[in-house]
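> This is target-v8.txt (compact mmCIF, C-alpha atoms).
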# COMPACT_ATOMS: atom_id res chain seq x y z
CA MET A 1 0.00 0.00 0.00
CA GLY A 2 2.86 2.35 0.76
CA LEU A 3 3.91 3.55 -2.66
CA PHE A 4 0.78 5.23 -3.90
CA SER A 5 -0.75 6.08 -0.57
CA ARG A 6 0.24 9.52 0.59
CA GLN A 7 -2.68 11.09 2.47
CA PRO A 8 -4.00 13.91 0.27
CA SER A 9 -5.98 16.84 1.65
CA ASP A 10 -9.74 16.99 1.18
CA ALA A 11 -9.32 19.97 -1.14
CA ASP A 12 -6.92 17.95 -3.33
CA LEU A 13 -9.34 15.04 -3.40
CA ILE A 14 -12.30 17.23 -4.36
CA ALA A 15 -10.28 18.99 -7.05
CA GLY A 16 -9.01 15.64 -8.36
CA ILE A 17 -12.52 14.20 -8.62
CA GLN A 18 -13.86 17.34 -10.24
CA THR A 19 -11.03 17.37 -12.78
CA GLY A 20 -12.66 14.26 -14.19
CA GLY A 21 -11.07 12.27 -16.97
CA THR A 22 -8.52 9.67 -16.09
CA GLN A 23 -7.85 11.16 -12.65
CA ARG A 24 -11.39 10.93 -11.33
CA ARG A 25 -11.39 7.26 -10.37
CA LEU A 26 -7.93 7.50 -8.81
CA TYR A 27 -9.03 10.32 -6.50
CA GLU A 28 -12.34 8.61 -5.73
CA ASN A 29 -10.40 5.57 -4.54
CA LYS A 30 -8.13 7.76 -2.42
CA LEU A 31 -11.17 9.41 -0.84
CA TYR A 32 -12.67 5.98 -0.14
CA GLU A 33 -9.46 4.88 1.56
CA LYS A 34 -9.05 8.06 3.58
CA TYR A 35 -12.34 7.76 5.45
CA GLN A 36 -12.52 3.99 5.56
CA TYR A 37 -12.24 4.11 9.35
CA LEU A 38 -15.90 5.17 9.39
CA ILE A 39 -16.74 1.50 8.87
CA THR A 40 -15.12 0.56 12.18
CA ASP A 41 -16.74 3.57 13.88
CA GLY A 42 -20.11 2.55 12.44
CA THR A 43 -19.93 -0.96 13.84
CA ARG A 44 -19.25 0.48 17.30
CA LYS A 45 -21.94 3.16 17.23
CA HIS A 46 -24.72 1.36 15.36
CA ARG A 47 -26.05 -2.16 15.64
CA LEU A 48 -24.67 -3.18 12.29
CA THR A 49 -22.15 -5.81 11.31
CA GLU A 50 -18.91 -4.83 9.64
CA ASP A 51 -20.19 -6.03 6.26
CA GLU A 52 -23.38 -4.02 6.65
CA CYS A 53 -21.38 -0.95 7.63
CA ALA A 54 -19.04 -1.47 4.69
CA SER A 55 -22.02 -1.61 2.36
CA VAL A 56 -23.39 1.61 3.87
CA TYR A 57 -19.95 3.21 3.55
CA SER A 58 -19.73 2.27 -0.15
CA ASP A 59 -23.18 3.79 -0.65
CA THR A 60 -22.06 6.92 1.17
CA MET A 61 -19.03 7.23 -1.05
CA LEU A 62 -20.98 6.68 -4.27
CA THR A 63 -23.38 9.44 -3.22
CA ALA A 64 -20.48 11.71 -2.30
CA PHE A 65 -18.66 11.05 -5.61
CA ASP A 66 -21.83 11.91 -7.45
CA ASN A 67 -22.43 15.11 -5.51
CA ILE A 68 -18.82 16.24 -5.80
CA THR A 69 -18.75 15.56 -9.54
CA LYS A 70 -21.97 17.48 -10.10
CA GLY A 71 -20.79 20.35 -7.90
CA GLN A 72 -23.58 19.71 -5.39
CA PHE A 73 -21.17 19.58 -2.47
CA GLU A 74 -20.85 23.29 -1.77
CA GLY A 75 -18.30 23.13 1.00
CA ARG A 76 -20.58 24.67 3.63
CA SER A 77 -19.29 22.06 6.03
CA SER A 78 -16.00 20.20 5.93
CA LEU A 79 -15.92 17.15 3.72
CA LYS A 80 -15.41 14.98 6.78
CA THR A 81 -18.57 16.34 8.45
CA TYR A 82 -20.47 16.01 5.19
CA LEU A 83 -19.46 12.37 4.75
CA TYR A 84 -20.14 11.59 8.40
CA GLN A 85 -23.64 13.04 8.05
CA ILE A 86 -24.46 10.99 4.95
CA PHE A 87 -22.95 7.87 6.50
CA THR A 88 -24.93 8.28 9.75
CA ASN A 89 -28.19 8.84 7.87
CA LYS A 90 -27.58 5.78 5.76
CA CYS A 91 -26.74 3.72 8.87
CA VAL A 92 -30.06 4.76 10.37
CA ASP A 93 -31.75 3.74 7.11
CA ALA A 94 -29.98 0.37 7.22
CA ILE A 95 -31.03 -0.21 10.84
CA ARG A 96 -34.62 0.70 9.99
CA LYS A 97 -34.53 -1.64 7.02
CA LYS A 98 -33.15 -4.40 9.20
CA THR A 99 -35.59 -3.99 12.04
CA THR A 100 -38.76 -3.31 10.04
CA ASN A 101 -37.81 -5.28 6.93
CA ARG A 102 -38.80 -2.24 4.87
CA SER A 103 -36.70 -0.55 2.30
CA SER A 104 -35.78 3.07 2.66
CA VAL A 105 -37.49 5.60 0.47
CA HIS A 106 -34.04 6.18 -1.06
CA ASP A 107 -34.16 2.73 -2.63
CA ALA A 108 -37.10 3.68 -4.82
CA PHE A 109 -36.41 3.76 -8.50
CA SER A 110 -35.71 7.30 -9.52
CA LEU A 111 -35.35 8.46 -13.08
CA ASP A 112 -32.81 10.92 -14.24
CA ASP A 113 -33.69 14.56 -13.81
CA SER A 114 -33.96 14.86 -17.57
CA LEU A 115 -37.51 13.53 -17.29
CA MET A 116 -38.40 16.79 -15.60
CA GLN A 117 -37.42 18.64 -18.74
CA LEU A 118 -40.38 17.21 -20.63
CA PRO A 119 -43.56 19.26 -20.87
CA ASP A 120 -46.17 18.05 -18.34
CA GLU A 121 -48.48 16.25 -20.73
CA SER A 122 -45.65 14.44 -22.53
CA ARG A 123 -44.00 13.60 -19.24
CA SER A 124 -46.98 11.61 -18.01
CA ILE A 125 -47.10 9.68 -21.32
CA VAL A 126 -43.39 8.87 -21.16
CA GLN A 127 -43.68 7.96 -17.48
CA THR A 128 -46.46 5.50 -18.28
CA LEU A 129 -44.41 3.96 -21.09
CA ILE A 130 -41.45 3.60 -18.74
CA ALA A 131 -43.60 2.04 -16.03
CA GLN A 132 -44.82 -0.55 -18.53
CA SER A 133 -41.34 -1.40 -19.74
CA ASP A 134 -39.25 -4.39 -18.80
CA PHE A 135 -36.19 -2.97 -17.06
CA GLU A 136 -34.72 -6.37 -16.34
CA ARG A 137 -34.73 -7.27 -20.03
CA LEU A 138 -33.05 -3.98 -20.89
CA GLN A 139 -30.47 -4.62 -18.18
CA LEU A 140 -29.84 -8.10 -19.56
CA TYR A 141 -29.36 -6.83 -23.12
CA LEU A 142 -27.01 -4.12 -21.88
CA ARG A 143 -24.90 -6.77 -20.18
CA GLU A 144 -24.85 -8.78 -23.39
CA LEU A 145 -23.63 -5.89 -25.55
CA GLY A 146 -20.03 -6.01 -26.74
CA GLU A 147 -17.41 -5.07 -24.16
CA LYS A 148 -16.60 -1.73 -25.74
CA CYS A 149 -20.23 -0.69 -26.20
CA ARG A 150 -21.10 -1.71 -22.67
CA ALA A 151 -18.11 0.13 -21.19
CA MET A 152 -19.03 3.22 -23.16
CA ILE A 153 -22.68 3.19 -22.09
CA LEU A 154 -21.75 2.60 -18.44
CA SER A 155 -19.28 5.49 -18.54
CA TRP A 156 -22.06 7.67 -19.91
CA GLY A 157 -24.36 6.42 -17.14
CA GLU A 158 -21.68 7.29 -14.61
CA GLY A 159 -21.69 10.85 -15.86
CA TYR A 160 -18.50 10.91 -17.89
CA SER A 161 -18.61 13.40 -20.76
CA ASP A 162 -17.99 12.34 -24.36
CA ASP A 163 -14.68 14.13 -24.14
CA GLU A 164 -13.65 12.03 -21.14
CA ILE A 165 -14.92 8.86 -22.81
CA ALA A 166 -12.89 9.72 -25.90
CA GLN A 167 -9.73 10.12 -23.82
CA ALA A 168 -10.28 6.97 -21.82
CA MET A 169 -11.16 4.79 -24.78
CA GLY A 170 -8.78 6.18 -27.35
CA TYR A 171 -11.19 7.99 -29.70
CA ASN A 172 -9.91 10.95 -31.68
CA SER A 173 -12.51 13.40 -30.41
CA ALA A 174 -15.61 13.82 -28.29
CA ALA A 175 -17.69 13.93 -31.48
CA VAL A 176 -16.40 10.51 -32.57
CA ALA A 177 -17.03 9.10 -29.09
CA LYS A 178 -20.57 10.51 -29.14
CA THR A 179 -21.31 8.98 -32.54
CA SER A 180 -20.01 5.59 -31.36
CA ARG A 181 -21.97 5.81 -28.12
CA LEU A 182 -25.20 6.66 -29.94
CA ARG A 183 -24.56 3.79 -32.34
CA CYS A 184 -24.23 1.48 -29.33
CA LEU A 185 -27.48 2.82 -27.90
CA GLU A 186 -29.12 2.25 -31.27
CA LYS A 187 -27.90 -1.35 -31.26
CA LEU A 188 -29.40 -1.81 -27.81
CA ARG A 189 -32.70 -0.26 -28.91
CA GLU A 190 -32.94 -2.59 -31.92
CA ARG A 191 -32.48 -5.55 -29.64
CA PHE A 192 -34.92 -4.24 -27.04
CA SER A 193 -37.76 -3.31 -29.37
CA MET B 1 -36.28 11.85 -37.84
CA LYS B 2 -37.57 12.75 -34.41
CA THR B 3 -37.00 9.22 -33.11
CA ASP B 4 -33.25 9.31 -33.64
CA LEU B 5 -31.43 9.22 -30.33
CA GLU B 6 -29.15 12.14 -31.14
CA THR B 7 -32.11 14.51 -31.55
CA ILE B 8 -33.60 13.18 -28.32
CA GLU B 9 -30.32 13.62 -26.47
CA ASN B 10 -29.87 17.12 -27.84
CA TYR B 11 -33.41 17.96 -26.76
CA LEU B 12 -32.98 16.56 -23.24
CA THR B 13 -29.63 18.27 -22.75
CA GLY B 14 -30.97 21.61 -23.98
CA GLN B 15 -28.92 21.68 -27.14
CA LEU B 16 -31.73 22.03 -29.66
CA PRO B 17 -32.42 25.53 -31.04
CA SER B 18 -35.73 26.93 -29.78
CA ASP B 19 -37.65 26.44 -33.05
CA GLU B 20 -36.55 22.79 -33.33
CA ARG B 21 -37.29 22.34 -29.65
CA ALA B 22 -40.87 23.55 -30.06
CA GLN B 23 -41.30 21.33 -33.12
CA PHE B 24 -39.92 18.34 -31.20
CA GLU B 25 -42.30 18.93 -28.30
CA ALA B 26 -45.26 19.14 -30.66
CA THR B 27 -44.31 15.81 -32.27
CA LEU B 28 -43.71 14.23 -28.88
CA ARG B 29 -47.30 15.01 -27.88
CA THR B 30 -48.80 13.29 -30.90
CA ASP B 31 -46.37 10.65 -32.16
CA PRO B 32 -46.18 7.47 -30.04
CA ASP B 33 -42.92 6.43 -31.74
CA VAL B 34 -41.21 9.56 -30.48
CA ALA B 35 -42.61 9.03 -26.98
CA ASN B 36 -41.34 5.45 -27.05
CA ALA B 37 -37.91 6.57 -28.19
CA VAL B 38 -37.71 9.15 -25.38
CA ALA B 39 -38.81 6.53 -22.86
CA PHE B 40 -36.14 4.15 -24.14
CA TYR B 41 -33.43 6.82 -23.91
CA LEU B 42 -34.33 7.75 -20.32
CA MET B 43 -34.65 4.14 -19.21
CA THR B 44 -31.32 3.21 -20.71
CA LYS B 45 -29.62 6.10 -19.00
CA GLN B 46 -31.07 5.03 -15.68
CA VAL B 47 -30.16 1.36 -16.21
CA ALA B 48 -26.63 2.37 -17.26
CA GLN B 49 -26.33 4.55 -14.17
CA ASP B 50 -27.48 1.70 -11.91
CA GLU B 51 -25.17 -0.80 -13.59
CA ALA B 52 -22.21 1.57 -13.34
CA ARG B 53 -23.00 2.19 -9.68
CA GLU B 54 -23.16 -1.52 -8.97
CA GLN B 55 -19.88 -2.10 -10.76
CA ARG B 56 -18.26 0.75 -8.84
CA ARG B 57 -19.61 -0.61 -5.56
CA THR B 58 -17.97 -3.97 -6.29
CA GLU B 59 -14.69 -2.18 -6.98
CA LEU B 60 -14.95 -0.25 -3.71
CA ASP B 61 -15.75 -3.41 -1.75
CA ALA B 62 -12.66 -5.00 -3.22
CA LEU B 63 -10.66 -1.92 -2.23
CA ARG B 64 -11.82 -2.44 1.34
CA THR B 65 -10.72 -6.06 1.46
CA LYS B 66 -7.35 -4.84 0.21
CA ASN B 67 -7.00 -2.29 3.02
CA VAL B 68 -8.64 -3.80 6.07
CA PRO B 69 -8.39 -1.07 8.74
CA VAL B 70 -6.46 -1.75 11.93
CA ARG B 71 -8.56 -2.12 15.06
CA PRO B 72 -6.78 -0.06 17.71
CA LEU B 73 -8.80 -1.54 20.56
CA TRP B 74 -7.28 -4.97 20.14
CA SER B 75 -5.07 -6.07 22.94
CA ALA B 76 -1.41 -6.75 22.25
CA PRO B 77 -1.79 -10.57 22.31
CA MET B 78 -4.70 -10.28 19.91
CA ARG B 79 -2.57 -8.16 17.58
CA TRP B 80 0.23 -10.72 17.73
CA ALA B 81 -2.23 -13.52 17.07
CA ALA B 82 -3.68 -11.62 14.13
CA ALA B 83 -0.21 -10.89 12.76
CA ALA B 84 0.77 -14.54 13.11
CA SER B 85 -2.43 -15.61 11.36
CA VAL B 86 -1.77 -13.19 8.53
CA ILE B 87 1.76 -14.54 8.11
CA VAL B 88 0.54 -18.13 8.10
CA LEU B 89 -2.20 -17.34 5.64
CA LEU B 90 0.15 -15.40 3.42
CA GLY B 91 2.44 -18.39 3.53
CA LEU B 92 -0.41 -20.55 2.29
CA GLY B 93 -0.86 -18.25 -0.63
CA TRP B 94 -2.31 -14.82 -1.18
CA VAL B 95 -4.78 -16.35 -3.56
CA PHE B 96 -7.16 -16.85 -0.64
CA PHE B 97 -7.17 -13.13 0.07
CA ARG B 98 -7.36 -11.70 -3.39
CA PRO B 99 -10.38 -9.57 -4.12
CA THR B 100 -12.88 -10.96 -6.58
CA ASP B 101 -13.13 -7.82 -8.65
CA SER B 102 -10.75 -8.21 -11.52
CA THR B 103 -9.97 -4.51 -12.05
CA VAL B 104 -8.91 -3.94 -8.46
CA MET B 105 -7.15 -7.29 -8.37
CA ALA B 106 -5.20 -6.36 -11.48
CA SER B 107 -4.20 -3.06 -9.89
CA ARG B 108 -3.11 -4.92 -6.78
CA LEU B 109 -0.95 -7.32 -8.77
CA ALA B 110 0.70 -4.39 -10.48
CA ASP B 111 1.21 -2.74 -7.06
CA GLU B 112 3.01 -5.80 -5.81
CA TYR B 113 5.35 -5.83 -8.77
CA VAL B 114 6.00 -2.08 -8.47
CA ALA B 115 6.65 -2.37 -4.73
CA GLU B 116 9.11 -5.17 -5.30
CA HIS B 117 10.98 -3.84 -8.32
CA PHE B 118 10.59 -0.09 -8.55
CA ARG B 119 11.46 1.12 -5.07
CA GLN B 120 15.15 1.42 -5.84
CA LEU B 121 16.80 1.60 -9.24
CA PRO B 122 20.30 0.29 -10.03
CA LEU B 123 22.96 2.94 -10.56
CA THR B 124 25.07 0.82 -12.85
CA MET B 125 22.80 0.52 -15.85
CA GLY B 126 23.03 2.87 -18.79
CA GLY B 127 21.65 3.26 -22.28
CA GLY B 128 24.06 5.85 -23.63
CA PRO B 129 27.74 6.00 -24.19
CA SER B 130 29.67 5.49 -20.97
CA GLY B 131 30.79 8.74 -19.37
CA SER B 132 28.51 10.84 -21.61
CA SER B 133 26.62 13.75 -20.10
CA SER B 134 23.32 11.96 -20.66
CA GLU B 135 24.64 8.91 -18.87
CA ASP B 136 25.75 11.08 -15.95
CA SER B 137 22.38 12.82 -15.87
CA VAL B 138 20.60 9.47 -15.75
CA LYS B 139 22.78 8.40 -12.82
CA THR B 140 22.03 11.65 -10.99
CA ALA B 141 18.32 11.20 -11.62
CA VAL B 142 18.47 7.58 -10.43
CA SER B 143 20.13 8.74 -7.18
CA LEU B 144 17.38 11.31 -6.68
CA PHE B 145 14.77 8.65 -7.39
CA ASN B 146 16.33 6.34 -4.82
CA ASP B 147 16.20 9.19 -2.31
CA GLY B 148 12.49 9.54 -2.96
CA LYS B 149 12.83 12.82 -4.90
CA LEU B 150 10.64 11.70 -7.77
CA ALA B 151 9.71 15.12 -9.14
CA GLN B 152 13.36 16.18 -9.42
CA ALA B 153 14.32 12.86 -10.99
CA GLU B 154 11.52 13.25 -13.51
CA LEU B 155 12.76 16.68 -14.61
CA ILE B 156 16.23 15.29 -15.30
CA PHE B 157 14.92 12.27 -17.21
CA GLN B 158 12.77 14.60 -19.31
CA ASP B 159 15.76 16.78 -20.02
CA VAL B 160 17.77 13.74 -21.14
CA LEU B 161 14.91 12.60 -23.36
CA THR B 162 14.75 16.03 -24.97
CA ARG B 163 18.37 15.59 -25.97
CA GLN B 164 18.21 11.86 -26.68
CA PRO B 165 14.58 10.87 -27.28
CA ASN B 166 15.44 7.21 -27.82
CA MET B 167 17.78 6.63 -24.89
CA ASP B 168 16.38 3.39 -23.52
CA SER B 169 17.41 3.78 -19.87
CA ALA B 170 15.93 7.30 -19.73
CA LEU B 171 12.68 6.06 -21.31
CA LYS B 172 12.52 3.18 -18.88
CA TYR B 173 13.27 5.21 -15.74
CA ALA B 174 11.09 8.16 -16.76
CA GLY B 175 8.27 5.64 -17.25
CA ILE B 176 8.91 4.15 -13.82
CA VAL B 177 8.86 7.62 -12.23
CA SER B 178 5.53 8.37 -13.94
CA LEU B 179 4.16 5.04 -12.77
CA ARG B 180 5.25 5.73 -9.19
CA GLN B 181 3.67 9.19 -9.36
CA GLY B 182 0.37 7.74 -10.55
CA ASN B 183 0.70 9.43 -13.94
CA TYR B 184 -0.32 6.34 -15.86
CA ASP B 185 -1.07 7.97 -19.22
CA LYS B 186 2.47 9.27 -19.39
CA ALA B 187 3.93 5.98 -18.13
CA ILE B 188 2.09 4.10 -20.89
CA THR B 189 3.42 6.48 -23.56
CA LEU B 190 7.01 6.20 -22.30
CA PHE B 191 6.96 2.42 -21.94
CA HIS B 192 5.41 2.10 -25.37
CA ARG B 193 8.21 4.19 -26.83
CA LEU B 194 10.69 1.96 -25.01
CA SER B 195 9.04 -1.15 -26.42
CA GLN B 196 9.56 0.22 -29.93
CA GLN B 197 13.34 0.57 -29.49
CA PRO B 198 15.08 -1.92 -31.77
CA ASP B 199 18.29 -3.80 -31.12
CA LEU B 200 18.04 -4.00 -27.34
CA VAL B 201 19.28 -7.22 -25.76
CA ALA B 202 16.45 -7.07 -23.23
CA ASN B 203 13.49 -4.76 -23.64
CA PRO B 204 10.97 -4.69 -20.77
CA GLY B 205 8.89 -1.93 -22.46
CA THR B 206 5.92 -4.11 -23.38
CA PHE B 207 5.77 -5.73 -19.94
CA TYR B 208 5.97 -2.38 -18.16
CA GLU B 209 3.33 -0.93 -20.47
CA ALA B 210 1.04 -3.79 -19.40
CA LEU B 211 1.69 -2.93 -15.73
CA ALA B 212 0.80 0.72 -16.33
CA HIS B 213 -2.48 -0.34 -17.97
CA LEU B 214 -3.29 -2.55 -14.98
CA LYS B 215 -2.64 0.38 -12.64
CA ARG B 216 -4.68 2.87 -14.68
CA GLY B 217 -7.73 0.61 -14.55
CA GLN B 218 -9.86 2.29 -17.18
CA PRO B 219 -12.61 0.26 -18.86
CA LEU B 220 -10.45 -1.42 -21.53
CA ASP B 221 -7.12 -1.38 -19.71
CA LYS B 222 -7.34 -4.90 -18.35
CA SER B 223 -7.92 -6.46 -21.76
CA GLN B 224 -5.17 -4.28 -23.25
CA ALA B 225 -2.80 -5.41 -20.49
CA GLU B 226 -3.67 -9.03 -21.16
CA LYS B 227 -2.86 -8.59 -24.86
CA LEU B 228 0.49 -7.03 -24.01
CA LEU B 229 1.32 -9.77 -21.51
CA GLU B 230 0.52 -12.40 -24.13
CA GLU B 231 2.80 -10.57 -26.53
CA VAL B 232 5.59 -10.66 -23.93
CA ILE B 233 5.14 -14.42 -23.54
CA ASN B 234 4.75 -15.23 -27.23
CA LYS B 235 7.74 -13.15 -28.28
CA ASN B 236 9.80 -14.25 -25.30
CA LEU B 237 10.38 -10.64 -24.24
CA GLU B 238 11.85 -9.34 -20.99
CA GLY B 239 9.44 -10.07 -18.12
CA LYS B 240 8.12 -13.30 -19.63
CA GLN B 241 8.12 -15.22 -16.34
CA GLU B 242 6.36 -12.44 -14.47
CA ALA B 243 3.90 -12.03 -17.36
CA GLU B 244 2.96 -15.70 -17.10
CA VAL B 245 2.33 -15.35 -13.38
CA LEU B 246 0.28 -12.18 -13.86
CA LEU B 247 -1.79 -13.64 -16.67
CA ASN B 248 -2.60 -16.71 -14.58
CA GLN B 249 -3.82 -14.54 -11.75
CA LEU B 250 -5.86 -12.05 -13.78
Output the file's structure in the form of structure tokens.


Amino acid sequence: MGLFSRQPSDADLIAGIQTGGTQRRLYENKLYEKYQYLITDGTRKHRLTEDECASVYSDTMLTAFDNITKGQFEGRSSLKTYLYQIFTNKCVDAIRKKTTNRSSVHDAFSLDDSLMQLPDESRSIVQTLIAQSDFERLQLYLRELGEKCRAMILSWGEGYSDDEIAQAMGYNSAAVAKTSRLRCLEKLRERFS
Amino acid sequence: MKTDLETIENYLTGQLPSDERAQFEATLRTDPDVANAVAFYLMTKQVAQDEAREQRRTELDALRTKNVPVRPLWSAPMRWAAAASVIVLLGLGWVFFRPTDSTVMASRLADEYVAEHFRQLPLTMGGGPSGSSSEDSVKTAVSLFNDGKLAQAELIFQDVLTRQPNMDSALKYAGIVSLRQGNYDKAITLFHRLSQQPDLVANPGTFYEALAHLKRGQPLDKSQAEKLLEEVINKNLEGKQEAEVLLNQL
């Protein structure tokens, strides 16, 4: 662990994640490692096993990565406090789930905000169509796509821009990456319809 | 073609001009094919997001198993017992501990190689004429590297490569510095250039390039690393034995 593991500051980690591209994942992993002790703290403070706490911690980190990438972490509190707050809330959710056998409201399927961009009347039509669709089949077809197509669509799902996808996957430009990505989506649509 | 995914994406990301936007919205209200296409686009994005999140979660879980935190409340005998257990288990083979996620596992394998081979560099090797200024610079940079002054060593290697772009030892060591600094893109470029140098008795460029891909861990890096490792084995290049071990464990 020693070689690559200097302890970076929170500001460095945030900047590294927000830089995106090839550095994003590296800094996300460093952030994960830096606050990993929360798992041990969680097992002491909450009635959760280490595995349950680790799962909650991973969830916390995924939420934090997302918020940092989208600029939704505004730095009103320190990153440590922010993470602690998310982690504690998620622990409470996990305890509730365990004791009442009910999922948290956060587990509900939530569509991308882009749905909100549709005009009201169209939105309800599209929402109905989505509700009637077979997500599991779409998920299965996505998994069966070629490795490159799948990797590209997942990167897009993870919020990487076409420019970042182009850099990571060796395309000449963002435009070429976008064309390839849309072609992959088209392939998936043909299969799904 | 209002059902083409590019138009839909441009609409949803606010990139359509206002007149086309209005026209698209009018069609969306009346044409079920367009509504279906929009539904497909949004669903796929959500499914891709969920899949990516799940994949990332697996990677993070594997990262945890790699760095199990120390429990400070353990008593000294417990710590000794744990340490002894770890040694015994390591003796039985690290295979029992390796994480199941292949990307993180690949990075870990590369880490082990880097930790073993790239902590200290030999001062005796050289790729230029003996006693030349480039050779001296490389030795100076190697000393700095061995003292942990990676940034200073990098500057000197770069300077040497400006003067002698094909000097194999400078390419190799500059690549190693980049790898140690976590600058994998640069390491890959330098090792690739090294691998293209002809007439070397032993050229580890391809093997090192594979290591840098394993460390970078982008979507296609693992398969690229595997191809390079196979090339090392098939062409009997420097690092063949290690490549065989790595390939077996990937």

> Once you count only C-alpha atoms, what closest atom pair and distance in Å to one decimal does each residue of chain B within 8 Å of chain A have, with rows by chain and rising residue number, as CSV?


residue,atom,partner,partner_atom,distance
B:Leu5,CA,A:Leu182,CA,6.7
B:Glu6,CA,A:Leu182,CA,6.9
B:Leu12,CA,A:Ser114,CA,6.0
B:Thr13,CA,A:Ser114,CA,7.6
B:Glu25,CA,A:Pro119,CA,7.5
B:Leu28,CA,A:Ser122,CA,6.6
B:Arg29,CA,A:Ser122,CA,5.6
B:Ala35,CA,A:Val126,CA,5.9
B:Asn36,CA,A:Leu129,CA,6.9
B:Val38,CA,A:Val126,CA,7.1
B:Ala39,CA,A:Val126,CA,5.4
B:Phe40,CA,A:Arg189,CA,7.4
B:Leu42,CA,A:Asp112,CA,7.0
B:Met43,CA,A:Ile130,CA,6.8
B:Thr44,CA,A:Leu138,CA,7.4
B:Lys45,CA,A:Gly157,CA,5.6
B:Gln46,CA,A:Leu111,CA,6.1
B:Val47,CA,A:Gln139,CA,6.3
B:Ala48,CA,A:Gly157,CA,4.6
B:Gln49,CA,A:Gly157,CA,4.0
B:Asp50,CA,A:Gly157,CA,7.7
B:Glu51,CA,A:Leu154,CA,6.8
B:Ala52,CA,A:Leu154,CA,5.2
B:Arg53,CA,A:Glu158,CA,7.2
B:Arg56,CA,A:Leu62,CA,8.0
B:Arg57,CA,A:Ser58,CA,6.1
B:Leu60,CA,A:Ser58,CA,6.5
B:Asp61,CA,A:Ser58,CA,7.1
B:Leu63,CA,A:Asn29,CA,7.8
B:Arg64,CA,A:Glu33,CA,7.7
B:Asn67,CA,A:Glu33,CA,7.7
B:Pro69,CA,A:Tyr37,CA,6.5
B:Arg71,CA,A:Thr40,CA,7.6
B:Asp111,CA,A:Met1,CA,7.7
B:Ala115,CA,A:Leu3,CA,6.8
B:Arg180,CA,A:Phe4,CA,6.9
B:Gln181,CA,A:Phe4,CA,7.3
B:Gly182,CA,A:Phe4,CA,7.1
B:Arg216,CA,A:Thr22,CA,7.9
B:Gln218,CA,A:Ala168,CA,6.6
B:Pro219,CA,A:Ala151,CA,6.0
B:Leu220,CA,A:Met169,CA,7.0

> Could you please take those selected residues and save C-alpha atoms as a tab-separated table (two decimals), in the frame of the given file?


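File written: result17.tsv
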chain	number	residue	atom	x	y	z
B	5	LEU	CA	-31.43	9.22	-30.33
B	6	GLU	CA	-29.15	12.14	-31.14
B	12	LEU	CA	-32.98	16.56	-23.24
B	13	THR	CA	-29.63	18.27	-22.75
B	25	GLU	CA	-42.30	18.93	-28.30
B	28	LEU	CA	-43.71	14.23	-28.88
B	29	ARG	CA	-47.30	15.01	-27.88
B	35	ALA	CA	-42.61	9.03	-26.98
B	36	ASN	CA	-41.34	5.45	-27.05
B	38	VAL	CA	-37.71	9.15	-25.38
B	39	ALA	CA	-38.81	6.53	-22.86
B	40	PHE	CA	-36.14	4.15	-24.14
B	42	LEU	CA	-34.33	7.75	-20.32
B	43	MET	CA	-34.65	4.14	-19.21
B	44	THR	CA	-31.32	3.21	-20.71
B	45	LYS	CA	-29.62	6.10	-19.00
B	46	GLN	CA	-31.07	5.03	-15.68
B	47	VAL	CA	-30.16	1.36	-16.21
B	48	ALA	CA	-26.63	2.37	-17.26
B	49	GLN	CA	-26.33	4.55	-14.17
B	50	ASP	CA	-27.48	1.70	-11.91
B	51	GLU	CA	-25.17	-0.80	-13.59
B	52	ALA	CA	-22.21	1.57	-13.34
B	53	ARG	CA	-23.00	2.19	-9.68
B	56	ARG	CA	-18.26	0.75	-8.84
B	57	ARG	CA	-19.61	-0.61	-5.56
B	60	LEU	CA	-14.95	-0.25	-3.71
B	61	ASP	CA	-15.75	-3.41	-1.75
B	63	LEU	CA	-10.66	-1.92	-2.23
B	64	ARG	CA	-11.82	-2.44	1.34
B	67	ASN	CA	-7.00	-2.29	3.02
B	69	PRO	CA	-8.39	-1.07	8.74
B	71	ARG	CA	-8.56	-2.12	15.06
B	111	ASP	CA	1.21	-2.74	-7.06
B	115	ALA	CA	6.65	-2.37	-4.73
B	180	ARG	CA	5.25	5.73	-9.19
B	181	GLN	CA	3.67	9.19	-9.36
B	182	GLY	CA	0.37	7.74	-10.55
B	216	ARG	CA	-4.68	2.87	-14.68
B	218	GLN	CA	-9.86	2.29	-17.18
B	219	PRO	CA	-12.61	0.26	-18.86
B	220	LEU	CA	-10.45	-1.42	-21.53

> What does the distance between CA of Ala94 in chain A and CA of Val56 in chain A come to in Å, to one decimal place?

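Taking CA of Ala94 in chain A as the start and CA of Val56 in chain A as the end point, the length is 7.5 Å.
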
> Could you tell me how far CA of Ser223 in chain B sits from CA of Leu109 in chain B, in Å to one decimal place?

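Taking CA of Leu109 in chain B as the start and CA of Ser223 in chain B as the end point, the length is 14.8 Å.
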
> Using all atoms listed in the file, can you tell me which of A:Leu79, A:Leu48, A:Ile86, A:Leu145 comes closest to Lys98 in chain A?

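When distances to Lys98 in chain A are compared using all atoms listed in the file, the smallest one comes from A:Leu48.
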
> Just checking: using all atoms listed in the file, which residue out of A:Arg137, A:Ile95, A:Lys45, A:Asp10 ends up closest to Thr81 in chain A?

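Under the stated criterion, the closest residue is A:Asp10.
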
> Contacts of Thr3 in chain B at 8 Å or less, counting all atoms listed in the file, minus same-chain residues fewer than 2 places along, as a list in words?

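Neighbouring residues, sequence-local ones excluded: Met1, Leu5, Thr7, Ile8, Asp33, Val34, Ala37 and Val38 of chain B.
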
> Quick check, in Å to one decimal: how far apart do CA of His213 in chain B and CA of Asp185 in chain B lie?

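CA of His213 in chain B sits 8.5 Å away from CA of Asp185 in chain B.
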